[in-house]
Amino acid sequence: MKQGLSLRVSQHLALTPQLQQSIRLLQLSTLEMAQEVEQMLDENPFLERSEEMAERETFGLEQTDVPVSAGEQIAEASLPDAPGPLLSPSDTSSSTSTSTDAGEGDGLESKLDGATPVEESWEGDGTVEMAPDDSEWGGDAPARNSGSGDGDETASAADLARAPVSLQDFLHDQARCLRLSDEDRAALYFLIESLNDDGYLEESLAELAGAWLHLSGVPQLAGDPHDGLEEREALEQRLSVALQLLQHMEPSGVGARDLGECLRLQILELRNTAEARAALAICSQPLELMAKRDVKRLCNLCGLDDETVRAALGLIARLEPKPGRRFVDVERNVVVPDVIVTRAGRGFKVILNPDVMPRLRVHDVYANAMRQNRGGRDNGGEAGHAAMQQRLQEARWFIKNIQQRFDTILRVSSAIVERQRNFFMHGELAMRPLVLREIADELGLHESTISRVTTAKYMATPFGTYELKYFFGSSLGTETGGNASSTAVRALLKQFIAAEEAAKPLSDNQLSDLLREQGIECARRTVAKYREALRIAPANLRKSL
């Protein structure tokens, strides 16, 4: 084996911590972004949230680090060597705009391609001066709590008025109106707290009794199986009485163990008519027959005529299968848009939602204190000063990365609006095919960057709020050689089904033929896939009784 020296030239990609953070922030949703901001505010003393309105200064990412003067460099000579500027990002504008420039800046991927190996450090270039971009970012966002001294009381009253009432609170209010013993009240309270969000009891009374004994500190039955059996049976009997009280409360059907019992409880609250009696008999049968609307078998099993069974099924269809549905806190599922699109003359205006833009800035007091004690040894010496300088640089880069995140979202959203202009004018049927590569090529970004931007980001349009991914779809061929968007095809299917005869719903084959008449080649299996994606039942379940 012969030893020797060889020279090899290679290139490799070095991801700095700043660039890694920028990529990570880009794929976060609005809620995750807010949590990230709160965590950074807790960890970094140089970062603060500004509530007052301040004039927004013009700055760009090239101004991240202000070069130090010669005198300052001499003063810093005693400190450890600090690397130079970590990145040289291109200019991006922090203001919202109605249009985007494809040549503006390089995206994340363009920075990756041109990045040179650098030391993975947050230390920056040794600058502790207040840079032009250390001022408040997000100045366009309105302050949430501002106004007169009684503004907090007004906000609290409004928040209390909007606070939803949970199902448990609603039932507890009814329980307080009943004259019960302490034991019965405790049993009723235990059952109410055991309900799920839909108002059902998922455990049996025996399981609930065992859980109560466990919570009460009663040891489990061991050895002789008869030990404590009487106590368990008495507890189950008490829970059974409490269950009867619970099932007579509002909303009707609460406290049921299954769907059949829930429907029966609601039917018992109705008038004693032939339809109600027939509905009770149907609910006692396997629910699969009712779901399939098998009228013939239901007639045979219940001993009823065809007309009565159909009337009873119509009555059951008007019942509420989930009694606790209206008490669910819908605000937990409210989608806050990141981008708002409005009409502006003959075009459309694309702006960032100011409510989701964090208003951050570098803490003036701490930054000035570092500048005054530059190179000193009063506050921990060189190591302490270097650590605080690193924190200051982290705060600056965090603000820049947030700004770049929103700038990228705005650029991508503006490109989508430009490409899908017909949708914003005419709706879903005018949607055109669009893939990620088209937007990536237009903006000079990578497809992965577009994918991160369009995931969990939402746009408020004149037709509703949609995820940015909604505007991308595959294409289907047409007879004329053109392409039709899959989103437009789904909208067309929804339109066909909405206009069908209730007694003769359209099958998947018929829907495929209708699309073919419109010049769109779509197989039956593709129609079935789109129908299931729209959560539309098949023809046999859509048939009206």
# chains A, B, ... in the order shown; residues from 1 in each chain; ligands from 1
$ residues_around --residues "Cys299 in chain A" --least-positions-apart "6" --cutoff "8 Å" --atoms "only C-alpha atoms" --output "list in words"
Asp305, Asp306 and Val309 of chain A
$ residues_around --residues "Leu287 in chain A" --least-positions-apart "2" --cutoff "12 Å" --atoms "only C-alpha atoms" --output "list of chain:residue names"
A:Asp258, A:Leu259, A:Gly260, A:Glu261, A:Leu263, A:Ala279, A:Ala281, A:Ile282, A:Cys283, A:Ser284, A:Gln285, A:Leu289, A:Met290, A:Ala291, A:Lys292, A:Arg293, A:Asp294, A:Leu298, A:Leu313, A:Ile316
$ write_last_selection --atoms "N, CA, C and O atoms" --output "JSON list (two decimals), in the first residue's frame"
[["chain", "number", "residue", "atom", "x", "y", "z"],
["A", 258, "ASP", "N", -75.16, 5.36, 22.75],
["A", 258, "ASP", "CA", -74.93, 5.10, 21.33],
["A", 258, "ASP", "C", -75.90, 5.95, 20.52],
["A", 258, "ASP", "O", -76.77, 6.63, 21.07],
["A", 259, "LEU", "N", -75.76, 5.91, 19.20],
["A", 259, "LEU", "CA", -76.58, 6.73, 18.32],
["A", 259, "LEU", "C", -78.04, 6.33, 18.39],
["A", 259, "LEU", "O", -78.93, 7.19, 18.40],
["A", 260, "GLY", "N", -78.32, 5.00, 18.45],
["A", 260, "GLY", "CA", -79.71, 4.57, 18.52],
["A", 260, "GLY", "C", -80.42, 5.10, 19.74],
["A", 260, "GLY", "O", -81.56, 5.57, 19.67],
["A", 261, "GLU", "N", -79.74, 5.05, 20.90],
["A", 261, "GLU", "CA", -80.35, 5.57, 22.13],
["A", 261, "GLU", "C", -80.52, 7.08, 22.04],
["A", 261, "GLU", "O", -81.52, 7.62, 22.53],
["A", 263, "LEU", "N", -81.14, 8.88, 19.36],
["A", 263, "LEU", "CA", -82.31, 9.15, 18.53],
["A", 263, "LEU", "C", -83.59, 8.82, 19.27],
["A", 263, "LEU", "O", -84.59, 9.55, 19.17],
["A", 279, "ALA", "N", -90.81, 5.60, 14.11],
["A", 279, "ALA", "CA", -89.40, 5.98, 14.22],
["A", 279, "ALA", "C", -88.74, 5.26, 15.38],
["A", 279, "ALA", "O", -87.58, 4.83, 15.29],
["A", 281, "ALA", "N", -89.55, 2.31, 16.51],
["A", 281, "ALA", "CA", -89.36, 0.93, 16.08],
["A", 281, "ALA", "C", -88.17, 0.81, 15.13],
["A", 281, "ALA", "O", -87.39, -0.15, 15.21],
["A", 282, "ILE", "N", -87.99, 1.77, 14.27],
["A", 282, "ILE", "CA", -86.87, 1.72, 13.31],
["A", 282, "ILE", "C", -85.54, 1.89, 14.03],
["A", 282, "ILE", "O", -84.55, 1.22, 13.70],
["A", 283, "CYS", "N", -85.50, 2.76, 15.05],
["A", 283, "CYS", "CA", -84.25, 2.98, 15.79],
["A", 283, "CYS", "C", -83.84, 1.75, 16.60],
["A", 283, "CYS", "O", -82.67, 1.63, 17.00],
["A", 284, "SER", "N", -84.78, 0.83, 16.85],
["A", 284, "SER", "CA", -84.45, -0.40, 17.55],
["A", 284, "SER", "C", -83.83, -1.44, 16.63],
["A", 284, "SER", "O", -83.32, -2.45, 17.10],
["A", 285, "GLN", "N", -83.90, -1.22, 15.33],
["A", 285, "GLN", "CA", -83.33, -2.13, 14.34],
["A", 285, "GLN", "C", -81.87, -1.75, 14.07],
["A", 285, "GLN", "O", -81.42, -0.67, 14.48],
["A", 289, "LEU", "N", -79.43, -0.57, 8.28],
["A", 289, "LEU", "CA", -80.60, -0.56, 7.41],
["A", 289, "LEU", "C", -81.12, 0.86, 7.22],
["A", 289, "LEU", "O", -81.54, 1.25, 6.12],
["A", 290, "MET", "N", -81.07, 1.65, 8.29],
["A", 290, "MET", "CA", -81.52, 3.04, 8.19],
["A", 290, "MET", "C", -80.55, 3.87, 7.35],
["A", 290, "MET", "O", -80.95, 4.73, 6.58],
["A", 291, "ALA", "N", -79.24, 3.59, 7.50],
["A", 291, "ALA", "CA", -78.25, 4.33, 6.72],
["A", 291, "ALA", "C", -78.39, 4.03, 5.23],
["A", 291, "ALA", "O", -78.25, 4.92, 4.39],
["A", 292, "LYS", "N", -78.68, 2.77, 4.90],
["A", 292, "LYS", "CA", -78.85, 2.38, 3.50],
["A", 292, "LYS", "C", -80.25, 2.68, 2.96],
["A", 292, "LYS", "O", -80.51, 2.50, 1.77],
["A", 293, "ARG", "N", -81.14, 3.10, 3.88],
["A", 293, "ARG", "CA", -82.53, 3.40, 3.52],
["A", 293, "ARG", "C", -83.20, 2.18, 2.86],
["A", 293, "ARG", "O", -83.87, 2.29, 1.82],
["A", 294, "ASP", "N", -82.97, 1.05, 3.50],
["A", 294, "ASP", "CA", -83.56, -0.20, 3.01],
["A", 294, "ASP", "C", -85.01, -0.26, 3.50],
["A", 294, "ASP", "O", -85.33, -0.88, 4.54],
["A", 298, "LEU", "N", -86.97, -2.81, 6.41],
["A", 298, "LEU", "CA", -87.51, -2.15, 7.59],
["A", 298, "LEU", "C", -89.01, -2.39, 7.71],
["A", 298, "LEU", "O", -89.53, -2.56, 8.82],
["A", 313, "LEU", "N", -88.57, 7.74, 8.53],
["A", 313, "LEU", "CA", -87.18, 8.04, 8.17],
["A", 313, "LEU", "C", -86.98, 9.54, 7.95],
["A", 313, "LEU", "O", -85.91, 10.09, 8.28],
["A", 316, "ILE", "N", -86.65, 11.00, 11.40],
["A", 316, "ILE", "CA", -85.34, 10.71, 11.99],
["A", 316, "ILE", "C", -84.26, 11.59, 11.37],
["A", 316, "ILE", "O", -83.32, 12.02, 12.05]]
$ atom_distance --atom1 "CA of Asp173 in chain A" --atom2 "CA of Leu246 in chain A"
12.1 Å
$ residues_around --residues "Gln174 in chain A" --least-positions-apart "3" --cutoff "12 Å" --atoms "only C-alpha atoms" --output "list in words"
Leu167, Gln168, Asp169, Phe170, Leu171, Cys177, Leu178, Arg179, Arg185, Leu188, Tyr189, Ile192, Leu245, Leu246, Gln247, His248, Met249, Glu250 and Pro251 of chain A
$ residues_around --residues "Glu38 in chain A" --least-positions-apart "6" --cutoff "12 Å" --atoms "only C-alpha atoms" --output "list in words"
Leu31, Glu32, Asn44, Leu47, Glu48, Arg49, Pro358, Arg359 and Leu360 of chain A
$ select_by_dssp --residues "range 225-421 of chain A" --states "strand (DSSP E or B)" --output "list in words"
Ala256, Val339, Ile340, Val341, Thr342, Arg343, Ala344, Gly347, Phe348, Lys349, Val350, Ile351, Leu352, Leu360, Arg361 and Val362 of chain A
$ write_last_selection --atoms "all heavy atoms" --output "compact mmCIF listing (two decimals), in the first residue's frame"
# COMPACT_ATOMS: atom_id res chain seq x y z
N ALA A 256 -76.67 9.76 26.07
CA ALA A 256 -76.89 8.48 25.39
C ALA A 256 -75.58 7.71 25.29
O ALA A 256 -74.50 8.29 25.27
CB ALA A 256 -77.48 8.71 24.01
N VAL A 339 -53.14 36.45 4.36
CA VAL A 339 -53.18 37.41 3.25
C VAL A 339 -54.64 37.75 2.98
O VAL A 339 -55.53 36.89 3.08
CB VAL A 339 -52.53 36.81 1.97
CG1 VAL A 339 -52.57 37.81 0.83
CG2 VAL A 339 -51.11 36.38 2.25
N ILE A 340 -54.90 39.01 2.64
CA ILE A 340 -56.25 39.48 2.34
C ILE A 340 -56.25 40.03 0.92
O ILE A 340 -55.40 40.86 0.56
CB ILE A 340 -56.70 40.57 3.33
CG1 ILE A 340 -56.68 40.02 4.77
CG2 ILE A 340 -58.09 41.08 2.98
CD1 ILE A 340 -56.98 41.06 5.82
N VAL A 341 -57.18 39.55 0.11
CA VAL A 341 -57.31 39.99 -1.28
C VAL A 341 -58.62 40.76 -1.42
O VAL A 341 -59.69 40.23 -1.09
CB VAL A 341 -57.28 38.80 -2.25
CG1 VAL A 341 -57.42 39.27 -3.69
CG2 VAL A 341 -55.99 38.01 -2.09
N THR A 342 -58.54 41.97 -1.89
CA THR A 342 -59.73 42.80 -2.09
C THR A 342 -59.70 43.40 -3.49
O THR A 342 -58.63 43.51 -4.12
CB THR A 342 -59.79 43.93 -1.05
OG1 THR A 342 -58.57 44.70 -1.11
CG2 THR A 342 -59.94 43.36 0.36
N ARG A 343 -60.87 43.79 -3.97
CA ARG A 343 -60.95 44.43 -5.28
C ARG A 343 -60.40 45.85 -5.21
O ARG A 343 -60.64 46.58 -4.25
CB ARG A 343 -62.40 44.45 -5.77
CG ARG A 343 -62.87 43.12 -6.30
CD ARG A 343 -64.24 43.27 -6.96
NE ARG A 343 -64.67 42.03 -7.61
CZ ARG A 343 -64.34 41.70 -8.85
NH1 ARG A 343 -63.57 42.50 -9.56
NH2 ARG A 343 -64.75 40.56 -9.37
N ALA A 344 -59.69 46.22 -6.25
CA ALA A 344 -59.14 47.58 -6.35
C ALA A 344 -59.29 48.02 -7.80
O ALA A 344 -58.43 47.76 -8.63
CB ALA A 344 -57.69 47.62 -5.91
N GLY A 347 -58.58 45.61 -10.87
CA GLY A 347 -57.68 44.57 -10.42
C GLY A 347 -57.97 44.16 -8.99
O GLY A 347 -59.07 44.35 -8.46
N PHE A 348 -56.97 43.59 -8.36
CA PHE A 348 -57.10 43.11 -7.00
C PHE A 348 -55.90 43.57 -6.18
O PHE A 348 -54.77 43.64 -6.68
CB PHE A 348 -57.20 41.58 -6.97
CG PHE A 348 -58.43 41.05 -7.64
CD1 PHE A 348 -58.42 40.74 -8.99
CD2 PHE A 348 -59.59 40.86 -6.93
CE1 PHE A 348 -59.54 40.26 -9.62
CE2 PHE A 348 -60.72 40.37 -7.53
CZ PHE A 348 -60.70 40.07 -8.89
N LYS A 349 -56.15 43.87 -4.94
CA LYS A 349 -55.11 44.33 -4.03
C LYS A 349 -54.78 43.22 -3.05
O LYS A 349 -55.67 42.66 -2.40
CB LYS A 349 -55.58 45.57 -3.27
CG LYS A 349 -54.53 46.16 -2.34
CD LYS A 349 -55.06 47.40 -1.65
CE LYS A 349 -54.02 48.03 -0.73
NZ LYS A 349 -54.55 49.22 -0.03
N VAL A 350 -53.52 42.88 -2.95
CA VAL A 350 -53.05 41.81 -2.07
C VAL A 350 -52.26 42.44 -0.93
O VAL A 350 -51.25 43.11 -1.17
CB VAL A 350 -52.17 40.80 -2.84
CG1 VAL A 350 -51.76 39.65 -1.94
CG2 VAL A 350 -52.90 40.28 -4.07
N ILE A 351 -52.70 42.23 0.29
CA ILE A 351 -52.03 42.80 1.46
C ILE A 351 -51.89 41.72 2.52
O ILE A 351 -52.64 40.75 2.56
CB ILE A 351 -52.80 44.00 2.04
CG1 ILE A 351 -54.20 43.59 2.52
CG2 ILE A 351 -52.89 45.13 1.05
CD1 ILE A 351 -54.95 44.66 3.26
N LEU A 352 -50.90 41.90 3.38
CA LEU A 352 -50.74 41.02 4.52
C LEU A 352 -51.73 41.40 5.61
O LEU A 352 -52.05 42.58 5.79
CB LEU A 352 -49.31 41.11 5.07
CG LEU A 352 -48.20 40.59 4.15
CD1 LEU A 352 -46.85 40.96 4.74
CD2 LEU A 352 -48.31 39.10 3.95
N LEU A 360 -42.15 43.68 16.54
CA LEU A 360 -40.98 43.46 17.38
C LEU A 360 -39.91 44.51 17.11
O LEU A 360 -39.86 45.10 16.04
CB LEU A 360 -40.39 42.06 17.12
CG LEU A 360 -41.34 40.87 17.27
CD1 LEU A 360 -40.65 39.60 16.85
CD2 LEU A 360 -41.85 40.76 18.70
N ARG A 361 -39.05 44.69 18.08
CA ARG A 361 -37.90 45.58 17.91
C ARG A 361 -36.82 45.19 18.93
O ARG A 361 -37.10 44.49 19.90
CB ARG A 361 -38.28 47.04 18.09
CG ARG A 361 -38.69 47.40 19.50
CD ARG A 361 -39.03 48.87 19.62
NE ARG A 361 -39.40 49.25 20.97
CZ ARG A 361 -39.79 50.47 21.31
NH1 ARG A 361 -39.89 51.43 20.39
NH2 ARG A 361 -40.11 50.75 22.56
N VAL A 362 -35.61 45.65 18.68
CA VAL A 362 -34.51 45.42 19.62
C VAL A 362 -34.65 46.38 20.80
O VAL A 362 -34.95 47.56 20.62
CB VAL A 362 -33.16 45.61 18.91
CG1 VAL A 362 -32.01 45.55 19.90
CG2 VAL A 362 -32.99 44.54 17.84
$ residues_around --residues "range 472-483 of chain A" --least-positions-apart "2" --cutoff "9 Å" --atoms "only C-alpha atoms" --output "list of chain:residue names"
A:Ile416, A:Met431, A:Arg432, A:Pro433, A:Leu434, A:Val435, A:Leu436, A:Leu468, A:Lys469, A:Tyr470, A:Ser485, A:Ser486, A:Thr487, A:Val489, A:Arg516, A:Gln518, A:Gly519, A:Ile520, A:Glu521, A:Cys522
